[in-house]
file run.cif (mmCIF, C-alpha atoms)
data_data
#
loop_
_atom_site.label_atom_id
_atom_site.label_comp_id
_atom_site.auth_asym_id
_atom_site.auth_seq_id
_atom_site.Cartn_x
_atom_site.Cartn_y
_atom_site.Cartn_z
CA MET Q 367 14.52 50.54 12.93
CA ARG Q 368 13.34 47.05 13.78
CA GLU Q 369 9.90 45.59 14.17
CA ARG Q 370 8.50 42.43 15.73
CA ALA Q 371 5.06 40.95 16.31
CA VAL Q 372 3.99 39.30 19.55
CA THR Q 373 0.62 38.01 20.77
CA VAL Q 374 -0.91 38.88 24.12
CA ARG Q 375 -1.34 35.61 26.02
CA ASN Q 376 -2.48 36.37 29.55
CA ALA Q 377 -6.15 36.11 30.42
CA LEU Q 378 -6.69 39.77 31.32
CA GLY Q 379 -4.96 41.15 28.25
CA MET Q 380 -2.85 44.28 28.52
CA HIS Q 381 -4.53 45.77 31.59
CA ALA Q 382 -3.31 48.82 33.51
CA ARG Q 383 -0.62 47.06 35.59
CA ALA Q 384 0.62 45.15 32.57
CA ALA Q 385 0.86 48.41 30.61
CA ALA Q 386 2.84 49.95 33.47
CA ARG Q 387 5.29 47.03 33.36
CA PHE Q 388 5.66 47.45 29.62
CA VAL Q 389 6.31 51.20 29.94
CA HIS Q 390 8.85 50.55 32.70
CA ALA Q 391 10.68 48.01 30.55
CA ALA Q 392 10.59 50.25 27.46
CA GLY Q 393 11.84 53.23 29.46
CA ALA Q 394 15.05 51.34 30.27
CA PHE Q 395 16.17 51.73 26.64
CA PRO Q 396 17.13 54.97 24.91
CA CYS Q 397 15.47 54.05 21.61
CA ARG Q 398 12.04 55.22 20.51
CA VAL Q 399 9.41 52.52 20.98
CA THR Q 400 6.02 52.46 19.28
CA VAL Q 401 3.30 49.84 19.50
CA THR Q 402 0.35 49.11 17.29
CA ARG Q 403 -2.30 46.41 17.02
CA GLU Q 404 -1.96 44.25 13.95
CA ASP Q 405 -5.73 44.45 13.34
CA ARG Q 406 -5.92 48.23 13.81
CA ALA Q 407 -2.76 49.62 12.28
CA ASP Q 408 -4.01 53.22 12.25
CA ARG Q 409 -3.62 53.57 16.03
CA VAL Q 410 0.12 53.85 16.70
CA VAL Q 411 1.03 54.62 20.31
CA ASP Q 412 4.19 55.55 22.19
CA GLY Q 413 5.56 52.47 23.97
CA LYS Q 414 6.82 54.62 26.82
CA SER Q 415 3.42 56.11 27.60
CA ILE Q 416 0.90 54.41 29.87
CA LEU Q 417 -2.11 56.25 28.47
CA GLY Q 418 -1.00 55.37 24.95
CA LEU Q 419 -0.77 51.65 25.71
CA LEU Q 420 -4.13 51.67 27.50
CA LEU Q 421 -5.69 53.08 24.32
CA LEU Q 422 -4.75 49.91 22.47
CA ALA Q 423 -7.19 47.97 24.69
CA ALA Q 424 -5.31 44.83 23.71
CA ALA Q 425 -7.24 41.80 24.96
CA ARG Q 426 -5.95 38.22 25.02
CA GLY Q 427 -5.20 36.97 21.52
CA VAL Q 428 -4.46 40.39 20.04
CA THR Q 429 -1.20 40.58 18.10
CA LEU Q 430 0.91 43.63 18.84
CA ARG Q 431 3.50 45.02 16.47
CA ILE Q 432 6.37 46.58 18.41
CA THR Q 433 8.80 48.91 16.66
CA ALA Q 434 12.08 50.13 18.14
CA ASP Q 435 14.23 52.82 16.57
CA GLY Q 436 17.61 54.00 17.89
CA ALA Q 437 20.26 52.87 20.34
CA GLY Q 438 19.57 49.47 21.91
CA GLU Q 439 16.68 48.65 19.58
CA GLU Q 440 17.46 44.94 19.33
CA GLU Q 441 17.76 44.52 23.12
CA ALA Q 442 14.58 46.55 23.65
CA LEU Q 443 12.58 44.42 21.21
CA ARG Q 444 13.86 41.22 22.79
CA ALA Q 445 12.99 42.37 26.32
CA LEU Q 446 9.55 43.72 25.39
CA CYS Q 447 8.55 40.68 23.35
CA ARG Q 448 9.67 38.43 26.19
CA LEU Q 449 7.56 40.48 28.62
CA VAL Q 450 4.40 40.25 26.49
CA ASP Q 451 5.06 36.61 25.67
CA SER Q 452 5.44 35.73 29.34
CA GLY Q 453 1.98 37.17 30.05
CA PHE Q 454 3.52 40.29 31.66
CA GLU Q 455 5.20 38.13 34.31
CA GLU Q 456 1.90 37.25 35.90
CA ALA Q 457 1.01 33.95 37.50
CA PRO Q 458 -1.21 32.18 34.93
CA MET J 295 -0.77 57.53 9.58
CA THR J 296 -3.59 57.32 7.06
CA PRO J 297 -2.62 59.40 4.04
CA SER J 298 -5.71 58.87 1.91
CA PRO J 299 -9.23 58.93 3.30
CA LEU J 300 -11.19 55.70 3.13
CA PRO J 301 -14.10 55.93 0.76
CA VAL J 302 -17.42 56.20 2.50
CA THR J 303 -20.14 53.97 1.11
CA VAL J 304 -23.76 54.89 0.47
CA GLY J 305 -24.69 52.25 3.04
CA SER J 306 -22.82 54.18 5.72
CA LEU J 307 -25.15 57.15 5.14
CA LEU J 308 -28.10 54.92 5.97
CA ARG J 309 -26.35 53.52 9.04
CA ALA J 310 -25.18 56.92 10.38
CA ARG J 311 -26.53 57.76 13.82
CA ALA J 312 -29.21 60.47 13.96
CA ASP J 313 -27.01 62.79 16.03
CA ARG J 314 -24.43 62.82 13.24
CA LEU J 315 -26.46 63.03 10.04
CA ASN J 316 -30.13 63.49 11.02
CA LEU J 317 -31.68 63.20 7.57
CA GLY J 318 -34.19 60.41 8.30
CA LEU J 319 -33.19 58.64 5.08
CA GLU J 320 -35.31 55.96 3.43
CA ILE J 321 -34.19 53.84 0.50
CA LEU J 322 -36.64 53.64 -2.40
CA ALA J 323 -34.66 51.60 -4.96
CA GLY J 324 -31.23 50.39 -5.98
CA ALA J 325 -30.21 48.61 -2.76
CA ASP J 326 -27.67 46.63 -4.83
CA GLY J 327 -25.53 49.76 -5.03
CA LEU J 328 -25.15 50.41 -1.29
CA GLY J 329 -21.47 49.52 -1.56
CA ARG J 330 -20.79 52.44 -3.93
CA GLY J 331 -18.23 54.88 -2.61
CA ILE J 332 -18.67 58.59 -1.90
CA THR J 333 -15.36 60.40 -2.30
CA SER J 334 -16.27 64.08 -2.10
CA PRO J 335 -18.18 65.87 0.66
CA TYR J 336 -19.77 68.23 -1.85
CA VAL J 337 -23.03 67.33 -3.56
CA LEU J 338 -24.14 67.90 -7.12
CA LYS J 339 -27.47 69.50 -7.93
CA THR J 340 -28.67 67.57 -10.94
CA GLY J 341 -30.28 70.41 -12.84
CA LEU J 342 -29.16 70.46 -16.47
CA ALA J 343 -27.95 66.86 -16.44
CA LEU J 344 -31.59 65.84 -16.89
CA ALA J 345 -31.75 67.98 -20.02
CA GLY J 346 -28.81 66.13 -21.52
CA PHE J 347 -25.95 68.37 -20.44
CA ASP J 348 -24.24 66.00 -18.02
CA SER J 349 -20.51 66.40 -18.69
CA TYR J 350 -20.07 68.34 -15.43
CA LEU J 351 -21.24 65.40 -13.27
CA GLN J 352 -18.23 64.38 -11.19
CA GLU J 353 -17.51 60.92 -9.94
CA GLY J 354 -18.08 60.14 -6.28
CA ARG J 355 -20.49 62.97 -5.49
CA VAL J 356 -24.04 62.56 -4.25
CA LEU J 357 -26.60 63.74 -6.81
CA VAL J 358 -29.46 65.76 -5.32
CA PHE J 359 -32.98 65.89 -6.77
CA GLY J 360 -34.89 68.87 -5.38
CA ALA J 361 -38.17 70.49 -6.32
CA SER J 362 -36.79 71.95 -9.59
CA GLU J 363 -35.54 68.57 -10.87
CA ILE J 364 -38.75 66.76 -9.97
CA GLY J 365 -40.82 69.59 -11.43
CA TYR J 366 -38.84 69.38 -14.67
CA LEU J 367 -39.28 65.59 -14.84
CA ASN J 368 -43.02 65.87 -14.20
CA GLY J 369 -43.36 68.19 -17.18
CA GLN J 370 -41.77 65.67 -19.53
CA ASP J 371 -43.33 62.95 -21.60
CA PRO J 372 -42.91 59.58 -19.73
CA SER J 373 -40.70 58.04 -22.44
CA VAL J 374 -38.44 61.12 -22.60
CA ARG J 375 -38.36 61.12 -18.80
CA ALA J 376 -37.19 57.49 -18.66
CA ALA J 377 -34.51 58.14 -21.28
CA SER J 378 -33.07 61.21 -19.56
CA LEU J 379 -33.08 59.43 -16.17
CA ALA J 380 -31.37 56.38 -17.66
CA ARG J 381 -28.65 58.61 -19.09
CA VAL J 382 -28.02 60.29 -15.69
CA MET J 383 -28.07 56.99 -13.77
CA ALA J 384 -25.45 55.57 -16.12
CA ARG J 385 -22.92 58.16 -14.90
CA PRO J 386 -20.47 57.09 -12.14
CA ILE J 387 -22.48 58.64 -9.29
CA PRO J 388 -22.73 56.98 -5.87
CA CYS J 389 -26.43 57.64 -5.24
CA VAL J 390 -29.36 59.98 -5.78
CA LEU J 391 -30.82 61.88 -2.85
CA VAL J 392 -34.35 63.22 -3.12
CA THR J 393 -35.03 66.06 -0.70
CA ASP J 394 -38.11 67.62 0.86
CA GLY J 395 -39.95 64.26 0.90
CA LEU J 396 -40.98 64.87 -2.72
CA ALA J 397 -43.27 62.43 -4.50
CA LEU J 398 -41.59 60.92 -7.58
CA PRO J 399 -42.77 59.87 -11.00
CA PRO J 400 -42.46 56.04 -11.21
CA GLU J 401 -39.63 56.17 -13.77
CA VAL J 402 -37.15 57.49 -11.18
CA ALA J 403 -37.24 54.39 -8.99
CA ALA J 404 -37.42 52.12 -12.04
CA GLU J 405 -34.32 53.60 -13.71
CA ALA J 406 -32.39 53.79 -10.40
CA GLY J 407 -33.18 50.13 -9.74
CA ARG J 408 -32.16 49.11 -13.25
CA ALA J 409 -28.81 50.96 -12.99
CA GLY J 410 -28.20 49.77 -9.41
CA VAL J 411 -27.96 53.35 -8.16
CA PRO J 412 -29.39 53.71 -4.62
CA LEU J 413 -32.31 56.14 -4.52
CA LEU J 414 -32.58 57.80 -1.11
CA ARG J 415 -35.21 60.20 0.16
CA THR J 416 -35.23 62.59 3.09
CA PRO J 417 -38.11 64.68 4.46
CA VAL J 418 -35.63 67.51 5.17
CA ALA J 419 -35.79 70.65 2.97
CA THR J 420 -33.19 70.89 0.18
CA PRO J 421 -30.71 73.53 1.48
CA ILE J 422 -30.73 72.10 5.00
CA ALA J 423 -30.34 68.54 3.74
CA ILE J 424 -27.36 69.58 1.58
CA ALA J 425 -25.74 71.42 4.51
CA ARG J 426 -26.16 68.44 6.86
CA LEU J 427 -24.90 65.95 4.31
CA THR J 428 -21.85 68.09 3.44
CA SER J 429 -20.97 68.62 7.09
CA PHE J 430 -21.28 64.88 7.82
CA LEU J 431 -19.22 63.90 4.78
CA GLU J 432 -16.53 66.52 5.50
CA ASP J 433 -16.14 64.96 8.90
CA VAL J 434 -15.96 61.30 7.85
CA LEU J 435 -13.83 62.01 4.77
CA ALA J 436 -11.34 64.22 6.66
CA GLU J 437 -7.68 63.20 6.52
CA ARG J 438 -6.48 61.90 9.86
CA THR J 439 -3.27 61.21 11.74
CA VAL J 440 -2.12 60.58 15.30
CA VAL J 441 0.37 62.85 17.04
CA HIS J 442 2.25 61.98 20.23
CA ALA J 443 2.00 65.21 22.13
CA VAL J 444 -0.09 67.12 24.64
CA LEU J 445 -2.81 69.40 23.32
CA MET J 446 -3.79 72.37 25.48
CA ASP J 447 -6.15 75.29 25.08
CA ILE J 448 -4.07 78.26 26.28
CA LEU J 449 -6.04 81.52 26.31
CA GLY J 450 -8.15 80.22 23.46
CA LEU J 451 -5.15 79.16 21.37
CA GLY J 452 -4.83 75.44 20.60
CA VAL J 453 -1.21 74.61 21.50
CA LEU J 454 0.38 71.26 20.72
CA ILE J 455 3.27 70.55 23.11
CA ALA J 456 5.56 68.00 21.47
CA GLY J 457 8.87 66.37 22.40
CA GLU J 458 10.40 62.99 23.15
CA SER J 459 8.96 60.90 25.96
CA GLY J 460 10.26 61.81 29.41
CA ILE J 461 11.04 65.42 28.51
CA GLY J 462 8.22 66.75 30.69
CA LYS J 463 5.26 67.37 28.37
CA SER J 464 2.71 66.14 30.91
CA GLU J 465 4.32 68.02 33.81
CA CYS J 466 4.23 71.18 31.72
CA ALA J 467 0.57 70.54 30.90
CA LEU J 468 -0.26 70.02 34.58
CA ASP J 469 1.39 73.36 35.44
CA LEU J 470 -0.70 74.99 32.72
CA VAL J 471 -3.90 73.39 34.06
CA LEU J 472 -3.04 74.74 37.53
CA ARG J 473 -2.90 78.18 35.92
CA GLY J 474 -6.42 77.77 34.55
CA HIS J 475 -5.64 76.60 31.01
CA ARG J 476 -7.53 73.65 29.59
CA LEU J 477 -6.34 70.15 28.78
CA VAL J 478 -7.51 68.57 25.54
CA ALA J 479 -5.36 65.44 25.29
CA ASP J 480 -2.30 64.02 27.03
CA ASP J 481 0.04 61.83 25.02
CA THR J 482 -2.13 60.76 22.09
CA VAL J 483 -3.90 63.35 19.95
CA ASP J 484 -6.15 62.32 17.06
CA VAL J 485 -5.78 65.00 14.41
CA ARG J 486 -8.06 65.54 11.43
CA ARG J 487 -8.06 68.15 8.71
CA ARG J 488 -11.36 69.88 8.10
CA ALA J 489 -12.42 72.11 5.25
CA GLU J 490 -8.90 72.02 3.71
CA SER J 491 -7.43 74.53 6.14
CA VAL J 492 -8.33 73.64 9.72
CA LEU J 493 -6.62 71.06 11.95
CA ILE J 494 -8.75 69.68 14.76
CA GLY J 495 -7.10 67.77 17.62
CA GLU J 496 -9.16 65.43 19.73
CA CYS J 497 -8.57 63.09 22.64
CA PRO J 498 -9.46 59.42 22.13
CA GLU J 499 -12.58 58.60 24.14
CA LEU J 500 -10.96 56.10 26.56
CA THR J 501 -8.32 58.48 27.94
CA ARG J 502 -10.34 61.71 27.69
CA HIS J 503 -9.71 64.12 30.64
CA HIS J 504 -6.87 61.87 31.88
CA MET J 505 -3.20 62.50 32.31
CA GLU J 506 -0.28 60.44 33.53
CA ILE J 507 2.37 62.05 35.71
CA ARG J 508 5.43 60.17 36.92
CA GLY J 509 5.13 59.81 40.68
CA LEU J 510 1.41 60.55 40.75
CA GLY J 511 0.08 57.99 38.30
CA ILE J 512 -3.07 58.39 36.24
CA LEU J 513 -5.11 61.49 37.12
CA ASN J 514 -8.59 62.55 36.09
CA ILE J 515 -8.09 66.26 35.46
CA ARG J 516 -11.78 67.07 35.16
CA ASP J 517 -12.59 65.48 38.52
CA LEU J 518 -9.64 67.23 40.15
CA PHE J 519 -10.06 70.71 38.67
CA GLY J 520 -13.64 70.93 37.42
CA VAL J 521 -15.47 70.92 34.09
CA ALA J 522 -13.72 74.04 32.81
CA SER J 523 -10.28 72.41 33.10
CA THR J 524 -10.68 70.14 30.06
CA ARG J 525 -12.29 70.08 26.67
CA SER J 526 -12.61 67.23 24.22
CA SER J 527 -11.37 68.85 21.01
CA LYS J 528 -9.63 72.02 19.88
CA ARG J 529 -8.34 73.56 16.68
CA ILE J 530 -4.51 73.26 16.53
CA GLU J 531 -2.91 76.64 15.81
CA PHE J 532 0.55 76.51 17.37
CA VAL J 533 3.22 73.91 18.16
CA VAL J 534 5.82 74.12 20.94
CA GLN J 535 8.58 71.57 20.43
CA LEU J 536 10.38 70.78 23.71
CA GLU J 537 14.02 69.79 23.23
CA ARG J 538 16.84 68.79 25.54
CA TRP J 539 19.28 71.63 26.07
CA GLU J 540 22.57 70.83 24.37
CA SER J 541 25.49 73.11 25.02
CA GLY J 542 27.03 74.43 21.84
CA ARG J 543 23.75 74.24 19.93
CA GLU J 544 22.28 77.43 18.49
CA TYR J 545 18.91 78.35 19.93
CA GLU J 546 16.53 81.03 18.79
CA ARG J 547 17.63 84.34 20.28
CA LEU J 548 15.77 86.84 18.15
CA GLY J 549 12.51 85.26 17.07
CA LEU J 550 12.65 87.20 13.82
CA ASP J 551 11.89 84.26 11.56
CA ASP J 552 8.64 82.35 11.61
CA ARG J 553 9.10 78.60 11.81
CA PHE J 554 6.53 76.04 10.79
CA VAL J 555 5.88 72.35 11.14
CA GLU J 556 3.75 70.43 8.66
CA ILE J 557 0.80 68.38 9.88
CA LEU J 558 -1.46 66.69 7.29
CA GLY J 559 -0.05 69.04 4.66
CA LEU J 560 -0.88 72.23 6.58
CA ARG J 561 1.77 74.58 7.97
CA VAL J 562 1.44 75.29 11.67
CA PRO J 563 3.60 77.98 13.37
CA MET J 564 6.19 76.31 15.61
CA ASN J 565 8.49 77.36 18.43
CA ARG J 566 11.49 75.24 19.53
CA MET J 567 11.93 75.39 23.28
CA PRO J 568 15.08 74.06 24.95
CA VAL J 569 14.43 72.43 28.33
CA ALA J 570 17.01 72.83 31.10
CA PRO J 571 16.99 72.89 34.91
CA GLY J 572 15.89 76.28 36.18
CA ARG J 573 13.67 77.02 33.19
CA SER J 574 9.98 76.98 34.01
CA ILE J 575 8.59 75.32 30.91
CA ALA J 576 4.96 76.14 31.65
CA ASN J 577 5.83 79.84 31.99
CA LEU J 578 7.71 79.74 28.72
CA VAL J 579 4.96 77.90 26.89
CA GLU J 580 2.31 80.30 28.15
CA VAL J 581 4.35 83.30 27.06
CA ALA J 582 5.06 81.66 23.71
CA ALA J 583 1.28 81.23 23.29
CA ARG J 584 0.65 84.88 24.19
CA ASN J 585 3.34 85.93 21.72
CA GLN J 586 1.77 83.76 19.04
CA LEU J 587 -1.64 85.37 19.68
CA LEU J 588 0.01 88.76 19.08
CA ARG J 589 1.79 87.54 15.94
CA ALA J 590 -1.44 86.12 14.54
CA ARG J 591 -2.88 89.63 14.86
CA GLY J 592 0.08 91.23 13.14
CA HIS J 593 2.08 92.44 16.17
CA HIS J 594 5.59 91.05 15.81
CA ALA J 595 7.72 92.24 18.76
CA ALA J 596 11.09 91.10 17.38
CA ARG J 597 10.44 92.62 13.98
CA ALA J 598 9.14 95.89 15.43
CA LEU J 599 12.30 96.23 17.52
CA ALA J 600 14.52 95.34 14.57
CA ASP J 601 12.71 97.95 12.45
CA ARG J 602 13.23 100.63 15.09
CA LEU J 603 16.90 99.73 15.29
CA GLN J 604 17.17 99.94 11.53
CA GLN J 605 15.63 103.40 11.60
CA GLN J 606 18.06 104.59 14.28
CA LEU J 607 21.00 103.22 12.33
CA LYS J 608 19.83 105.11 9.27
CA ASP J 609 19.26 108.33 11.24
CA GLY J 610 22.64 107.83 12.89
CA ASP J 611 24.29 108.26 9.50
CA ARG J 612 22.87 111.75 9.32
CA GLY J 613 23.88 112.50 12.90
CA ALA J 614 20.29 112.70 14.18
CA VAL J 615 19.54 112.17 17.89
CA ALA J 616 17.48 109.07 18.56
CA GLU J 617 15.60 110.16 21.70
CA PRO J 618 12.85 112.42 20.31
CA ASP J 619 12.09 109.92 17.56
CA GLU J 620 11.51 107.16 20.02
CA SER J 621 9.15 109.09 22.27
CA ALA J 622 7.17 110.27 19.27
CA GLU J 623 6.75 106.71 18.14
CA ARG J 624 5.59 105.63 21.58
CA GLU J 625 2.83 108.22 21.50
CA GLY J 626 1.90 106.98 18.06
CA ASP J 627 1.40 103.46 19.43
#
call {"tool": "encode", "arguments": {"input": "run.cif", "output": "structure tokens"}}
result
Amino acid sequence: MRERAVTVRNALGMHARAAARFVHAAGAFPCRVTVTREDRADRVVDGKSILGLLLLAAARGVTLRITADGAGEEEALRALCRLVDSGFEEAP
Amino acid sequence: MTPSPLPVTVGSLLRARADRLNLGLEILAGADGLGRGITSPYVLKTGLALAGFDSYLQEGRVLVFGASEIGYLNGQDPSVRAASLARVMARPIPCVLVTDGLALPPEVAAEAGRAGVPLLRTPVATPIAIARLTSFLEDVLAERTVVHAVLMDILGLGVLIAGESGIGKSECALDLVLRGHRLVADDTVDVRRRAESVLIGECPELTRHHMEIRGLGILNIRDLFGVASTRSSKRIEFVVQLERWESGREYERLGLDDRFVEILGLRVPMNRMPVAPGRSIANLVEVAARNQLLRARGHHAARALADRLQQQLKDGDRGAVAEPDESAEREGD
């Protein structure tokens, strides 16, 4: 199991389309992915579920803690952190 | 996961919204102590503590002064009254709650203020005030966790459908909704333990009544199927664990043994359900729920059949014919 923290940078935060991109990226890996907000650690959501990610309501500046467990965990973490870090591949 | 409940402070009683506590509390003294923690939902009636017998006073419980306590204090000499109050206030109690809007002798507020124990008063009658306070505290002090699963109300039974992501939990839930069963939560279920023995599952406010289905996107189930198709919380009484079918693995064929899964320290009956093409999961889950309803009422189909078989095997030793036995038993049912 590996864990990494990444901060949401884009202006709109993790909105619905961004969450869908995250779920799509997470779904490409066989490992289990969970996400939590650093400031609200009690709410742990499934990184492959849209509704779960929407519940985080992660606005710009929020630090997310992504955990991957299982096959391909390192690659999954790298890809997901890159996605969040890049502002969900949106034009700034 | 939050294993231990956060302590609730006396200040949070004062801040509680009227629809949750509804005691109309006022603070008379001891505002310094609003940060004191309440750790038990059950109150203490002061009673004999005022007469000097205070060893039963437990830490973290709200102390209640009703008509009998105030009446006792009023009958005492003021100096004795101050001394007995000082002794009680020195105990590790979070606060004192005066019920029924009772008028107090001046020593109560004075001693509470000196000890830094918040003195609260409600106009609500003693038994009702205690019931409301206990119910509120049970709720806020309940142990909580989050489960990744779908929670459905199937024929009145709260069924948690669990399994890895992509196995078809939401599709199964949608099938069940189409059959008239009710959705509680898709994907994220907030679970709390109430009154030591009851698990309540609830949908977080933001995603309430919603579901996500691959190919359809996010759906509002209540708008699509009407108010009776969803509910916001439900007691969890049964778990169906969906699993990928693996050839060579042993699956339950008899259903003789009861299996359980532990949630917040409570054992919930559980049924493992292998998923494979050609198996209608919603059908299977609904039948599993029906079977669980029967089991909960003491009708265990697998065991009843096994018992009948046992009887026949025994009779067989003596060369008895099975047929008449069986029909007699059927009439007996």
call {"tool": "interface_residues", "arguments": {"input": "run.cif", "of": "chain J", "to": "chain Q", "cutoff": "10 Å", "atoms": "only C-alpha atoms", "output": "short mmCIF file (atom, residue, chain, number, x, y, z; two decimals) with C-alpha atoms, in the coordinates of the input"}}
result
data_model
loop_
_atom_site.label_atom_id
_atom_site.label_comp_id
_atom_site.auth_asym_id
_atom_site.auth_seq_id
_atom_site.Cartn_x
_atom_site.Cartn_y
_atom_site.Cartn_z
CA MET J 295 -0.77 57.53 9.58
CA THR J 296 -3.59 57.32 7.06
CA ARG J 438 -6.48 61.90 9.86
CA THR J 439 -3.27 61.21 11.74
CA VAL J 440 -2.12 60.58 15.30
CA VAL J 441 0.37 62.85 17.04
CA HIS J 442 2.25 61.98 20.23
CA ALA J 443 2.00 65.21 22.13
CA GLU J 458 10.40 62.99 23.15
CA SER J 459 8.96 60.90 25.96
CA GLY J 460 10.26 61.81 29.41
CA ASP J 480 -2.30 64.02 27.03
CA ASP J 481 0.04 61.83 25.02
CA THR J 482 -2.13 60.76 22.09
CA VAL J 483 -3.90 63.35 19.95
CA ASP J 484 -6.15 62.32 17.06
CA PRO J 498 -9.46 59.42 22.13
CA GLU J 499 -12.58 58.60 24.14
CA LEU J 500 -10.96 56.10 26.56
CA THR J 501 -8.32 58.48 27.94
CA ARG J 502 -10.34 61.71 27.69
CA HIS J 504 -6.87 61.87 31.88
CA MET J 505 -3.20 62.50 32.31
CA GLU J 506 -0.28 60.44 33.53
CA ILE J 507 2.37 62.05 35.71
CA GLY J 511 0.08 57.99 38.30
CA ILE J 512 -3.07 58.39 36.24
#
call {"tool": "atom_distance", "arguments": {"input": "run.cif", "atom1": "atom CA of Leu308 of chain J", "atom2": "atom CA of Leu328 of chain J"}}
result
9.0 Å
call {"tool": "resolve_selection", "arguments": {"input": "run.cif", "expression": "the PyMOL selection byres ((chain Q and resi 434-440) around 12)", "output": "MDAnalysis selection string"}}
result
chainID Q and resid 367:371 392:402 412:414 431:433 441:447
call {"tool": "atom_distance", "arguments": {"input": "run.cif", "atom1": "atom CA of Ala380 of chain J", "atom2": "atom CA of Val337 of chain J"}}
result
19.7 Å
call {"tool": "atom_distance", "arguments": {"input": "run.cif", "atom1": "atom CA of Thr340 of chain J", "atom2": "atom CA of Ala323 of chain J"}}
result
18.1 Å
call {"tool": "residues_around", "arguments": {"input": "run.cif", "residues": "segment 373-380 of chain Q", "least_positions_apart": "3", "cutoff": "7 Å", "atoms": "only C-alpha atoms", "output": "PyMOL selection string"}}
result
chain Q and resi 384-385+423-430+450-451+453+458
call {"tool": "write_last_selection", "arguments": {"input": "run.cif", "atoms": "C-alpha atoms", "output": "tab-separated table (two decimals), keeping the file's coordinate frame"}}
result
chain	number	residue	atom	x	y	z
Q	384	ALA	CA	0.62	45.15	32.57
Q	385	ALA	CA	0.86	48.41	30.61
Q	423	ALA	CA	-7.19	47.97	24.69
Q	424	ALA	CA	-5.31	44.83	23.71
Q	425	ALA	CA	-7.24	41.80	24.96
Q	426	ARG	CA	-5.95	38.22	25.02
Q	427	GLY	CA	-5.20	36.97	21.52
Q	428	VAL	CA	-4.46	40.39	20.04
Q	429	THR	CA	-1.20	40.58	18.10
Q	430	LEU	CA	0.91	43.63	18.84
Q	450	VAL	CA	4.40	40.25	26.49
Q	451	ASP	CA	5.06	36.61	25.67
Q	453	GLY	CA	1.98	37.17	30.05
Q	458	PRO	CA	-1.21	32.18	34.93
call {"tool": "resolve_selection", "arguments": {"input": "run.cif", "expression": "the PyMOL selection byres ((chain J and resi 565) around 12)", "output": "number ranges by chain"}}
result
J: 453-457, 531-537, 545-555, 562-564, 566-568, 578-583, 585-586
call {"tool": "closest_residue", "arguments": {"input": "run.cif", "among": "J:Ile332, J:Val390, J:Leu396, J:Ala467", "to": "Thr428 of chain J", "atoms": "only C-alpha atoms"}}
result
J:Ile332
call {"tool": "closest_residue", "arguments": {"input": "run.cif", "among": "J:Leu518, J:Gly407, J:Ser429, J:Lys463", "to": "Arg314 of chain J", "atoms": "all atoms listed in the file"}}
result
J:Ser429
